[in-house]
Every structure is written in C-alpha cells, then in structure tokens.
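Beneath this line is the structure, given in structure tokens, with notes to follow.
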Amino acid sequence: WSMDASKVLKKHAFLRIDILTVRLYRSLMADESLGIKVERKNGERFRRALVDLKAFDPGRKICSDGSQIYLPVRELSEKEAEKLRLVADYDVVNFGFVPEEKILTPEDILGFRPSFEIVGDIAMIEDLEEEEAERVASALMSSSNSIKTVIAPISDVEGEYRTRRYRHVAGEERTTTTHKEHGLRYRIDLEGAYFTPRLGTERLRIASLVGPTDVVLDMFAGVGPFSILMAKRCRWVVAMDKNPVAVQYLRENARLNKVENIDILEGDANEIALRYQNAADHVIMNLPHSASLFLPAAIGAAKPGGIVHYYCISPEDDLYRDELLIREAAEKMSAGIEVLCESIVRSYAPHRLNVVIDFRVKKL
C-alpha cells in the first residue's frame, strides 16, 4: 500500500462514518412511528399501493439504508396488510422517520387569507393600514422566495391611460417586473400601464378561438398579453394603445417573445380602426369601463362574419345589459349581430363583475 492510497482510504472511511453519524442523528431526533421495510427494488410499488389504500403517511419522509426502503404508514388493518402481502414481502417496523418540512402559507402565518395578486416577482396587496400591510407583506415574503417586492394601490384605475398609483410596502422599491404567462414573458411597469394576471385564463380562451390564417385587431393592447399570445397562433395582429408607456413595453415584449407578425400603433383606437375596415377576423375590446364608446369602430373593422370580444363591468343583477348597446350600434351601421358567448370573467368589486360578450358581426 502506498501512503497516498492509505490517505484516500482513511478519508473515505471518515466520510462514511460522517454520513452514518448524520443518519443516526436524524433518526434519534425523529419520533419513532409505524412503517414498513421493503427491498429497494419494491419501494415504488409499495409506495403506490400504500397511496391507493390511503395508508401512506405523507407527513414523514421515506428513508433508506441502501438495500432497504422504509415507508411511513398509519395503522394497517388486516385486509390492508393482506393486500400489501400480494405486492411483495415486507416487515412492519417502528422507525425514526424524519417529519416532512411544512411550507407555511400566508394564511398559516396570519391566521386569515390575505387578498393579493402576484405579477412577476411583485405582490400587490389591498390598501391596508400601514401596520397591517406590513404584516401581510412579511407573511408573503416569508412564504415565497420568488416575491421580491410588495406594493399596495392608493388609487383605482384612473385617467385615459387606465393606470393605478401604488405605495411601496416591503422589499425592493420598484413597480417594474417580468411576468410569465402561457410560456411567454412580459416586461411590465405596473404604474405605467394597466395589467392584471386575473385575465390569464380569458386570454387563453380567446387564443383557442383564433385560427392560423386569422387577422386579429387588439384595440386596447396595453403591454401585449392578448396581442402577443394571439400572434403566436394567427397570421397577423394589429395592436394599438393610446398610452405611450404601454406601447413602449408592447414593442419590447414583441421583441422579447420573438413576435414579428404584428403592427404596433400608438393612438386613439377609434381613429386607427378606420384604417382597417372589414379586415379583422377577431376584434378584442378589453376596455371594460368604456368599450361601448368604441363599438362603431370595432364593428366596422370586423370582417363580415368576424367576431368581436367585448368586455364590460356590469352589476350582478343585470350582467349582460350592454348587449342592448351592441345591437343598437350595429343597427346604426346597417349590420346585425349574433351573440356567441356571454360569461363572467372575474369579480371586480362588490356586486360588480367583469363580463365578456362574444358576438359575430353580420354585415348587410
């Protein structure tokens, strides 16, 4: 034996002792509980069988000593024990299983479920009293490593650009982030342009209706969550917005997601839509507080047989009252409509809901 070989053996011997010591320490620190010991080759089969029998104890970790697997279980009935014997041989043991580490939720920490939305690595909470807001922010950041900033709104959606003002509560002092949705990434400034993740499911629904040869007109595109998702599925998108900050991010997001089949235009949707008469297979009208003011432009831009996706905020006792406004606007343009879908998108405020009305345009 050479001196070097002897040193290597000693090093590995000490390493082996250290590993065994750690395992022994963990075992001694854990409370002994019921388990079954099986050969390693049968471990996964037994785990599945235990889960099917609802006999597996998920509160403790599966352990191994190399050739054997130790599976934590609750008390087994005779019938359950017999069923397990059909899988393979096993031994019932008392073992020091290490408890699974429970990840605390904000609700666990606070004792109630806070209201919040997450955009990228920013959490937006309700506008609470300062001390309560800080408690909620601390709970959110403690329970999630991905949250870097917590902000609270100090205004409703306001102004012609549909923006909100926020105050910083905790973490990094910023309102910019990158949000991931349906495999795409969006750079966003939450104070500069309106965005909500709560429309993610609705955006995917519209995308499922778009065909590869379709042209889509997005009249209030914002930073592009509808437009860019549509562009991945259709022939061409015309995206417009009056807010210059939103348009700046829309251009950046098109580049970020390698979208080229898109025209991005800054300006008033009523004016821009006039350039696209009878051009669109789908028209998206996501301006829920004032979309009715743009109905003539949207109906004019739709092809005969084109579909308009109209969003509005309505009282819960008269959800689809805007259908009358749609029919009146179409009649003034000597057109007709066929309502294809009416549904609730999300709650917006007490007794007020964000709804969508999809309608087909029939031009005479």
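Going by the structure tokens order, chains are called A, B, ..., each with residues numbered from 1, while ligands are numbered from 1 in the order shown.
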
Set out as JSON lines a contact list for segment 11-125 of chain A and segment 173-190 of chain A with a cut-off of 9 Å, giving each residue of segment 11-125 of chain A that qualifies its closest atom pair and distance in Å to one decimal, counting only C-alpha atoms, ordered by chain and rising residue number.
{"residue": "A:Ile118", "atom": "CA", "partner": "A:His179", "partner_atom": "CA", "distance": 8.9}
{"residue": "A:Val119", "atom": "CA", "partner": "A:His179", "partner_atom": "CA", "distance": 5.7}
{"residue": "A:Gly120", "atom": "CA", "partner": "A:His179", "partner_atom": "CA", "distance": 3.9}
{"residue": "A:Asp121", "atom": "CA", "partner": "A:Thr177", "partner_atom": "CA", "distance": 6.5}
{"residue": "A:Ile122", "atom": "CA", "partner": "A:Thr177", "partner_atom": "CA", "distance": 7.0}

Dump as a tab-separated table the rows for residues of segment 175-268 of chain A within 7 Å of segment 283-287 of chain A: closest atom pair and distance in Å with one decimal, only C-alpha atoms counted, ordered by chain and rising residue number.
residue	atom	partner	partner_atom	distance
A:Val216	CA	A:Val283	CA	5.9
A:Leu217	CA	A:Val283	CA	4.7
A:Asp218	CA	A:Ile284	CA	4.8
A:Met219	CA	A:Met285	CA	5.8
A:Phe220	CA	A:Asn286	CA	6.0

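When atom CA of Asp358 of chain A is paired with atom CA of Asp214 of chain A, their separation reads 16.4 Å.
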
Strand (DSSP E) per DSSP on the backbone: members of segment 92-199 of chain A, as an MDAnalysis selection string: chainID A and resid 92:95 116:119 122:125 149:153 166:171 176:181 184:189

Taking the backbone alone, and naming residues the way the document does, which bits of segment 224-327 of chain A are helix (DSSP H, G or I) by DSSP, as a PDB file with N, CA, C and O atoms, in the first residue's frame?
ATOM      1  N   PRO A 225     -50.495  41.361 -23.563  1.00  0.00           N
ATOM      2  CA  PRO A 225     -50.789  39.977 -23.182  1.00  0.00           C
ATOM      3  C   PRO A 225     -51.787  39.263 -24.094  1.00  0.00           C
ATOM      4  O   PRO A 225     -51.682  38.055 -24.285  1.00  0.00           O
ATOM      5  N   PHE A 226     -52.753  39.990 -24.660  1.00  0.00           N
ATOM      6  CA  PHE A 226     -53.635  39.398 -25.666  1.00  0.00           C
ATOM      7  C   PHE A 226     -52.900  39.311 -27.006  1.00  0.00           C
ATOM      8  O   PHE A 226     -52.849  38.255 -27.640  1.00  0.00           O
ATOM      9  N   SER A 227     -52.332  40.425 -27.438  1.00  0.00           N
ATOM     10  CA  SER A 227     -51.757  40.528 -28.787  1.00  0.00           C
ATOM     11  C   SER A 227     -50.662  39.506 -29.046  1.00  0.00           C
ATOM     12  O   SER A 227     -50.636  38.842 -30.091  1.00  0.00           O
ATOM     13  N   ILE A 228     -49.722  39.393 -28.115  1.00  0.00           N
ATOM     14  CA  ILE A 228     -48.569  38.529 -28.348  1.00  0.00           C
ATOM     15  C   ILE A 228     -48.965  37.061 -28.300  1.00  0.00           C
ATOM     16  O   ILE A 228     -48.486  36.250 -29.096  1.00  0.00           O
ATOM     17  N   LEU A 229     -49.884  36.708 -27.399  1.00  0.00           N
ATOM     18  CA  LEU A 229     -50.384  35.331 -27.373  1.00  0.00           C
ATOM     19  C   LEU A 229     -51.120  35.004 -28.669  1.00  0.00           C
ATOM     20  O   LEU A 229     -50.963  33.912 -29.232  1.00  0.00           O
ATOM     21  N   MET A 230     -51.923  35.958 -29.185  1.00  0.00           N
ATOM     22  CA  MET A 230     -52.639  35.737 -30.451  1.00  0.00           C
ATOM     23  C   MET A 230     -51.651  35.597 -31.608  1.00  0.00           C
ATOM     24  O   MET A 230     -51.830  34.774 -32.510  1.00  0.00           O
ATOM     25  N   ALA A 231     -50.613  36.425 -31.599  1.00  0.00           N
ATOM     26  CA  ALA A 231     -49.640  36.420 -32.700  1.00  0.00           C
ATOM     27  C   ALA A 231     -48.951  35.069 -32.840  1.00  0.00           C
ATOM     28  O   ALA A 231     -48.520  34.699 -33.945  1.00  0.00           O
ATOM     29  N   PRO A 244     -48.475  55.854 -24.280  1.00  0.00           N
ATOM     30  CA  PRO A 244     -47.126  55.680 -24.851  1.00  0.00           C
ATOM     31  C   PRO A 244     -46.245  54.733 -24.038  1.00  0.00           C
ATOM     32  O   PRO A 244     -45.396  54.042 -24.615  1.00  0.00           O
ATOM     33  N   VAL A 245     -46.436  54.675 -22.719  1.00  0.00           N
ATOM     34  CA  VAL A 245     -45.659  53.744 -21.893  1.00  0.00           C
ATOM     35  C   VAL A 245     -46.045  52.310 -22.226  1.00  0.00           C
ATOM     36  O   VAL A 245     -45.186  51.429 -22.374  1.00  0.00           O
ATOM     37  N   ALA A 246     -47.350  52.069 -22.370  1.00  0.00           N
ATOM     38  CA  ALA A 246     -47.819  50.732 -22.731  1.00  0.00           C
ATOM     39  C   ALA A 246     -47.266  50.315 -24.085  1.00  0.00           C
ATOM     40  O   ALA A 246     -46.821  49.172 -24.269  1.00  0.00           O
ATOM     41  N   VAL A 247     -47.272  51.228 -25.051  1.00  0.00           N
ATOM     42  CA  VAL A 247     -46.765  50.920 -26.393  1.00  0.00           C
ATOM     43  C   VAL A 247     -45.272  50.615 -26.347  1.00  0.00           C
ATOM     44  O   VAL A 247     -44.782  49.707 -27.036  1.00  0.00           O
ATOM     45  N   GLN A 248     -44.532  51.351 -25.524  1.00  0.00           N
ATOM     46  CA  GLN A 248     -43.097  51.098 -25.374  1.00  0.00           C
ATOM     47  C   GLN A 248     -42.859  49.667 -24.880  1.00  0.00           C
ATOM     48  O   GLN A 248     -42.011  48.940 -25.425  1.00  0.00           O
ATOM     49  N   TYR A 249     -43.617  49.241 -23.873  1.00  0.00           N
ATOM     50  CA  TYR A 249     -43.459  47.887 -23.351  1.00  0.00           C
ATOM     51  C   TYR A 249     -43.999  46.842 -24.322  1.00  0.00           C
ATOM     52  O   TYR A 249     -43.462  45.731 -24.412  1.00  0.00           O
ATOM     53  N   LEU A 250     -45.030  47.189 -25.053  1.00  0.00           N
ATOM     54  CA  LEU A 250     -45.562  46.280 -26.068  1.00  0.00           C
ATOM     55  C   LEU A 250     -44.507  45.973 -27.122  1.00  0.00           C
ATOM     56  O   LEU A 250     -44.308  44.810 -27.519  1.00  0.00           O
ATOM     57  N   ARG A 251     -43.803  46.986 -27.579  1.00  0.00           N
ATOM     58  CA  ARG A 251     -42.725  46.767 -28.560  1.00  0.00           C
ATOM     59  C   ARG A 251     -41.617  45.896 -27.959  1.00  0.00           C
ATOM     60  O   ARG A 251     -41.100  44.982 -28.606  1.00  0.00           O
ATOM     61  N   GLU A 252     -41.254  46.200 -26.711  1.00  0.00           N
ATOM     62  CA  GLU A 252     -40.215  45.421 -26.040  1.00  0.00           C
ATOM     63  C   GLU A 252     -40.643  43.960 -25.876  1.00  0.00           C
ATOM     64  O   GLU A 252     -39.852  43.033 -26.092  1.00  0.00           O
ATOM     65  N   ASN A 253     -41.908  43.744 -25.539  1.00  0.00           N
ATOM     66  CA  ASN A 253     -42.394  42.384 -25.325  1.00  0.00           C
ATOM     67  C   ASN A 253     -42.513  41.594 -26.626  1.00  0.00           C
ATOM     68  O   ASN A 253     -42.323  40.380 -26.641  1.00  0.00           O
ATOM     69  N   ALA A 254     -42.813  42.285 -27.717  1.00  0.00           N
ATOM     70  CA  ALA A 254     -42.821  41.610 -29.022  1.00  0.00           C
ATOM     71  C   ALA A 254     -41.421  41.102 -29.352  1.00  0.00           C
ATOM     72  O   ALA A 254     -41.246  39.968 -29.813  1.00  0.00           O
ATOM     73  N   ARG A 255     -40.412  41.936 -29.094  1.00  0.00           N
ATOM     74  CA  ARG A 255     -39.025  41.510 -29.331  1.00  0.00           C
ATOM     75  C   ARG A 255     -38.625  40.390 -28.374  1.00  0.00           C
ATOM     76  O   ARG A 255     -37.991  39.413 -28.777  1.00  0.00           O
ATOM     77  N   LEU A 256     -39.019  40.533 -27.111  1.00  0.00           N
ATOM     78  CA  LEU A 256     -38.665  39.550 -26.086  1.00  0.00           C
ATOM     79  C   LEU A 256     -39.194  38.162 -26.432  1.00  0.00           C
ATOM     80  O   LEU A 256     -38.532  37.147 -26.185  1.00  0.00           O
ATOM     81  N   ALA A 269     -57.954  54.437 -30.585  1.00  0.00           N
ATOM     82  CA  ALA A 269     -58.463  53.241 -31.283  1.00  0.00           C
ATOM     83  C   ALA A 269     -59.572  53.593 -32.266  1.00  0.00           C
ATOM     84  O   ALA A 269     -59.686  52.966 -33.332  1.00  0.00           O
ATOM     85  N   ASN A 270     -60.404  54.580 -31.949  1.00  0.00           N
ATOM     86  CA  ASN A 270     -61.470  54.971 -32.878  1.00  0.00           C
ATOM     87  C   ASN A 270     -60.910  55.451 -34.203  1.00  0.00           C
ATOM     88  O   ASN A 270     -61.474  55.192 -35.266  1.00  0.00           O
ATOM     89  N   GLU A 271     -59.787  56.141 -34.158  1.00  0.00           N
ATOM     90  CA  GLU A 271     -59.181  56.667 -35.382  1.00  0.00           C
ATOM     91  C   GLU A 271     -58.395  55.589 -36.128  1.00  0.00           C
ATOM     92  O   GLU A 271     -58.499  55.472 -37.356  1.00  0.00           O
ATOM     93  N   ILE A 272     -57.613  54.825 -35.383  1.00  0.00           N
ATOM     94  CA  ILE A 272     -56.785  53.800 -36.036  1.00  0.00           C
ATOM     95  C   ILE A 272     -57.645  52.723 -36.690  1.00  0.00           C
ATOM     96  O   ILE A 272     -57.343  52.249 -37.796  1.00  0.00           O
ATOM     97  N   ALA A 273     -58.732  52.334 -36.029  1.00  0.00           N
ATOM     98  CA  ALA A 273     -59.574  51.255 -36.556  1.00  0.00           C
ATOM     99  C   ALA A 273     -60.174  51.600 -37.913  1.00  0.00           C
ATOM    100  O   ALA A 273     -60.503  50.695 -38.700  1.00  0.00           O
ATOM    101  N   LEU A 274     -60.312  52.882 -38.210  1.00  0.00           N
ATOM    102  CA  LEU A 274     -60.862  53.294 -39.507  1.00  0.00           C
ATOM    103  C   LEU A 274     -59.987  52.832 -40.670  1.00  0.00           C
ATOM    104  O   LEU A 274     -60.462  52.668 -41.791  1.00  0.00           O
ATOM    105  N   ARG A 275     -58.691  52.612 -40.392  1.00  0.00           N
ATOM    106  CA  ARG A 275     -57.780  52.156 -41.449  1.00  0.00           C
ATOM    107  C   ARG A 275     -57.949  50.662 -41.741  1.00  0.00           C
ATOM    108  O   ARG A 275     -57.374  50.151 -42.693  1.00  0.00           O
ATOM    109  N   TYR A 276     -58.711  49.978 -40.926  1.00  0.00           N
ATOM    110  CA  TYR A 276     -58.795  48.514 -41.027  1.00  0.00           C
ATOM    111  C   TYR A 276     -60.244  48.050 -41.176  1.00  0.00           C
ATOM    112  O   TYR A 276     -60.662  47.059 -40.578  1.00  0.00           O
ATOM    113  N   ALA A 291     -65.795  50.527 -23.196  1.00  0.00           N
ATOM    114  CA  ALA A 291     -65.718  49.875 -24.510  1.00  0.00           C
ATOM    115  C   ALA A 291     -66.879  50.267 -25.417  1.00  0.00           C
ATOM    116  O   ALA A 291     -66.736  50.299 -26.648  1.00  0.00           O
ATOM    117  N   SER A 292     -68.037  50.587 -24.827  1.00  0.00           N
ATOM    118  CA  SER A 292     -69.211  50.912 -25.650  1.00  0.00           C
ATOM    119  C   SER A 292     -68.969  52.122 -26.547  1.00  0.00           C
ATOM    120  O   SER A 292     -69.591  52.247 -27.609  1.00  0.00           O
ATOM    121  N   LEU A 293     -68.059  53.010 -26.150  1.00  0.00           N
ATOM    122  CA  LEU A 293     -67.763  54.208 -26.948  1.00  0.00           C
ATOM    123  C   LEU A 293     -67.022  53.857 -28.241  1.00  0.00           C
ATOM    124  O   LEU A 293     -66.925  54.697 -29.141  1.00  0.00           O
ATOM    125  N   PHE A 294     -66.516  52.639 -28.337  1.00  0.00           N
ATOM    126  CA  PHE A 294     -65.716  52.230 -29.490  1.00  0.00           C
ATOM    127  C   PHE A 294     -66.413  51.155 -30.332  1.00  0.00           C
ATOM    128  O   PHE A 294     -65.794  50.585 -31.224  1.00  0.00           O
ATOM    129  N   LEU A 295     -67.681  50.897 -30.044  1.00  0.00           N
ATOM    130  CA  LEU A 295     -68.402  49.845 -30.772  1.00  0.00           C
ATOM    131  C   LEU A 295     -68.495  50.097 -32.281  1.00  0.00           C
ATOM    132  O   LEU A 295     -68.260  49.164 -33.070  1.00  0.00           O
ATOM    133  N   PRO A 296     -68.827  51.298 -32.750  1.00  0.00           N
ATOM    134  CA  PRO A 296     -68.877  51.501 -34.210  1.00  0.00           C
ATOM    135  C   PRO A 296     -67.550  51.182 -34.893  1.00  0.00           C
ATOM    136  O   PRO A 296     -67.525  50.555 -35.959  1.00  0.00           O
ATOM    137  N   ALA A 297     -66.429  51.599 -34.269  1.00  0.00           N
ATOM    138  CA  ALA A 297     -65.115  51.323 -34.861  1.00  0.00           C
ATOM    139  C   ALA A 297     -64.835  49.827 -34.888  1.00  0.00           C
ATOM    140  O   ALA A 297     -64.299  49.308 -35.882  1.00  0.00           O
ATOM    141  N   ALA A 298     -65.194  49.121 -33.826  1.00  0.00           N
ATOM    142  CA  ALA A 298     -64.946  47.680 -33.757  1.00  0.00           C
ATOM    143  C   ALA A 298     -65.789  46.923 -34.759  1.00  0.00           C
ATOM    144  O   ALA A 298     -65.295  46.027 -35.469  1.00  0.00           O
ATOM    145  N   ILE A 299     -67.061  47.276 -34.862  1.00  0.00           N
ATOM    146  CA  ILE A 299     -67.957  46.590 -35.807  1.00  0.00           C
ATOM    147  C   ILE A 299     -67.512  46.872 -37.239  1.00  0.00           C
ATOM    148  O   ILE A 299     -67.537  45.988 -38.104  1.00  0.00           O
ATOM    149  N   GLY A 300     -67.066  48.099 -37.498  1.00  0.00           N
ATOM    150  CA  GLY A 300     -66.581  48.437 -38.836  1.00  0.00           C
ATOM    151  C   GLY A 300     -65.315  47.685 -39.204  1.00  0.00           C
ATOM    152  O   GLY A 300     -65.115  47.313 -40.363  1.00  0.00           O
ATOM    153  N   ALA A 301     -64.445  47.434 -38.227  1.00  0.00           N
ATOM    154  CA  ALA A 301     -63.182  46.747 -38.507  1.00  0.00           C
ATOM    155  C   ALA A 301     -63.358  45.253 -38.704  1.00  0.00           C
ATOM    156  O   ALA A 301     -62.518  44.597 -39.335  1.00  0.00           O
ATOM    157  N   ASP A 322     -75.198  45.372 -21.599  1.00  0.00           N
ATOM    158  CA  ASP A 322     -74.548  46.028 -22.738  1.00  0.00           C
ATOM    159  C   ASP A 322     -74.895  45.377 -24.071  1.00  0.00           C
ATOM    160  O   ASP A 322     -74.570  45.935 -25.133  1.00  0.00           O
ATOM    161  N   GLU A 323     -75.543  44.227 -24.032  1.00  0.00           N
ATOM    162  CA  GLU A 323     -75.966  43.605 -25.293  1.00  0.00           C
ATOM    163  C   GLU A 323     -76.880  44.551 -26.068  1.00  0.00           C
ATOM    164  O   GLU A 323     -76.825  44.611 -27.313  1.00  0.00           O
ATOM    165  N   LEU A 324     -77.715  45.304 -25.341  1.00  0.00           N
ATOM    166  CA  LEU A 324     -78.601  46.274 -25.994  1.00  0.00           C
ATOM    167  C   LEU A 324     -77.788  47.354 -26.706  1.00  0.00           C
ATOM    168  O   LEU A 324     -78.102  47.738 -27.843  1.00  0.00           O
ATOM    169  N   LEU A 325     -76.718  47.843 -26.061  1.00  0.00           N
ATOM    170  CA  LEU A 325     -75.856  48.860 -26.675  1.00  0.00           C
ATOM    171  C   LEU A 325     -75.187  48.314 -27.939  1.00  0.00           C
ATOM    172  O   LEU A 325     -75.027  49.026 -28.935  1.00  0.00           O
ATOM    173  N   ILE A 326     -74.791  47.046 -27.890  1.00  0.00           N
ATOM    174  CA  ILE A 326     -74.143  46.413 -29.044  1.00  0.00           C
ATOM    175  C   ILE A 326     -75.109  46.335 -30.220  1.00  0.00           C
ATOM    176  O   ILE A 326     -74.770  46.672 -31.361  1.00  0.00           O
ATOM    177  N   ARG A 327     -76.348  45.904 -29.925  1.00  0.00           N
ATOM    178  CA  ARG A 327     -77.347  45.773 -31.005  1.00  0.00           C
ATOM    179  C   ARG A 327     -77.693  47.144 -31.599  1.00  0.00           C
ATOM    180  O   ARG A 327     -77.859  47.278 -32.822  1.00  0.00           O
TER     181      ARG A 327
END

Can you pull out the residues contacting Leu209 of chain A? Cut-off 12 Å, using only C-alpha atoms, and skip same-chain residues under 3 positions away; I want them as a tab-separated table (two decimals) with N, CA and C atoms, in the first residue's frame.
chain	number	residue	atom	x	y	z
A	202	GLU	N	-58.79	33.93	-19.46
A	202	GLU	CA	-59.59	34.51	-20.54
A	202	GLU	C	-58.75	34.72	-21.79
A	203	ARG	N	-57.51	35.16	-21.60
A	203	ARG	CA	-56.63	35.33	-22.77
A	203	ARG	C	-56.41	34.00	-23.48
A	204	LEU	N	-56.26	32.94	-22.71
A	204	LEU	CA	-56.07	31.62	-23.32
A	204	LEU	C	-57.33	31.16	-24.03
A	205	ARG	N	-58.49	31.50	-23.49
A	205	ARG	CA	-59.76	31.13	-24.16
A	205	ARG	C	-59.85	31.78	-25.53
A	206	ILE	N	-59.56	33.06	-25.61
A	206	ILE	CA	-59.61	33.76	-26.89
A	206	ILE	C	-58.60	33.17	-27.87
A	212	PRO	N	-54.96	29.84	-37.70
A	212	PRO	CA	-53.64	30.21	-38.26
A	212	PRO	C	-53.71	31.22	-39.40
A	213	THR	N	-54.86	31.39	-40.05
A	213	THR	CA	-54.96	32.36	-41.15
A	213	THR	C	-55.67	33.65	-40.72
A	214	ASP	N	-56.02	33.75	-39.44
A	214	ASP	CA	-56.82	34.88	-38.96
A	214	ASP	C	-55.99	36.15	-38.78
A	215	VAL	N	-56.69	37.28	-38.91
A	215	VAL	CA	-56.14	38.60	-38.56
A	215	VAL	C	-56.88	39.07	-37.30
A	216	VAL	N	-56.11	39.53	-36.31
A	216	VAL	CA	-56.68	39.96	-35.03
A	216	VAL	C	-56.40	41.44	-34.83
A	229	LEU	N	-49.88	36.71	-27.40
A	229	LEU	CA	-50.38	35.33	-27.37
A	229	LEU	C	-51.12	35.00	-28.67
A	230	MET	N	-51.92	35.96	-29.19
A	230	MET	CA	-52.64	35.74	-30.45
A	230	MET	C	-51.65	35.60	-31.61
A	233	ARG	N	-50.41	32.39	-32.71
A	233	ARG	CA	-51.39	31.42	-33.22
A	233	ARG	C	-52.09	31.87	-34.50
A	234	CYS	N	-51.88	33.11	-34.93
A	234	CYS	CA	-52.62	33.60	-36.10
A	234	CYS	C	-51.66	34.17	-37.15
A	281	ASP	N	-60.67	39.20	-38.44
A	281	ASP	CA	-61.46	38.01	-38.08
A	281	ASP	C	-61.87	38.04	-36.62
A	282	HIS	N	-61.02	38.68	-35.78
A	282	HIS	CA	-61.32	38.84	-34.35
A	282	HIS	C	-60.95	40.26	-33.94
A	283	VAL	N	-61.84	40.89	-33.19
A	283	VAL	CA	-61.58	42.22	-32.62
A	283	VAL	C	-61.68	42.10	-31.11
A	306	GLY	N	-66.94	38.24	-38.89
A	306	GLY	CA	-65.90	38.38	-37.88
A	306	GLY	C	-66.49	38.41	-36.47
A	307	ILE	N	-65.65	38.14	-35.48
A	307	ILE	CA	-66.12	38.04	-34.09
A	307	ILE	C	-65.49	39.15	-33.26
A	308	VAL	N	-66.33	39.82	-32.48
A	308	VAL	CA	-65.88	40.86	-31.56
A	308	VAL	C	-65.96	40.31	-30.13
A	309	HIS	N	-64.90	40.51	-29.36
A	309	HIS	CA	-64.85	40.08	-27.96
A	309	HIS	C	-64.93	41.34	-27.11
A	340	LEU	N	-72.57	34.93	-29.43
A	340	LEU	CA	-72.00	33.58	-29.39
A	340	LEU	C	-71.71	33.11	-27.96
A	358	ASP	N	-69.15	37.79	-26.54
A	358	ASP	CA	-68.61	37.50	-27.88
A	358	ASP	C	-69.77	37.55	-28.87

Selected residue of minimal separation from Leu110 of chain A among A:Val210, A:Ile264, A:Ala139, A:Val339, counting only C-alpha atoms: A:Ala139

6 Å contact set for Thr149 of chain A, only C-alpha atoms, chain neighbours under 5 positions out, as an NGL selection string: :A and (122 or 170-172)

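Between atom CA of Asn278 of chain A and atom CA of Met240 of chain A the separation is 17.0 Å.
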
List as a tab-separated table every residue of segment 81-150 of chain A that is in contact with segment 38-45 of chain A, defined as an atom at most 8 Å from one of its atoms (using only C-alpha atoms), together with the nearest atom pair and the distance in Å rounded to one decimal, sorted by chain and then rising number.
residue	atom	partner	partner_atom	distance
A:Val87	CA	A:Arg45	CA	7.3
A:Ala88	CA	A:Asn42	CA	7.3
A:Asp89	CA	A:Val38	CA	7.0
A:Tyr90	CA	A:Val38	CA	4.9
A:Asp91	CA	A:Val38	CA	6.8

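Using only C-alpha atoms for every distance, the candidate list A:Asp268, A:Glu331, A:Glu316, A:Glu80 yields A:Glu316 as the residue closest to Arg346 of chain A.
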
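The gap separating atom CA of Ala221 of chain A from atom CA of Arg162 of chain A is 11.8 Å, in Å to one decimal.
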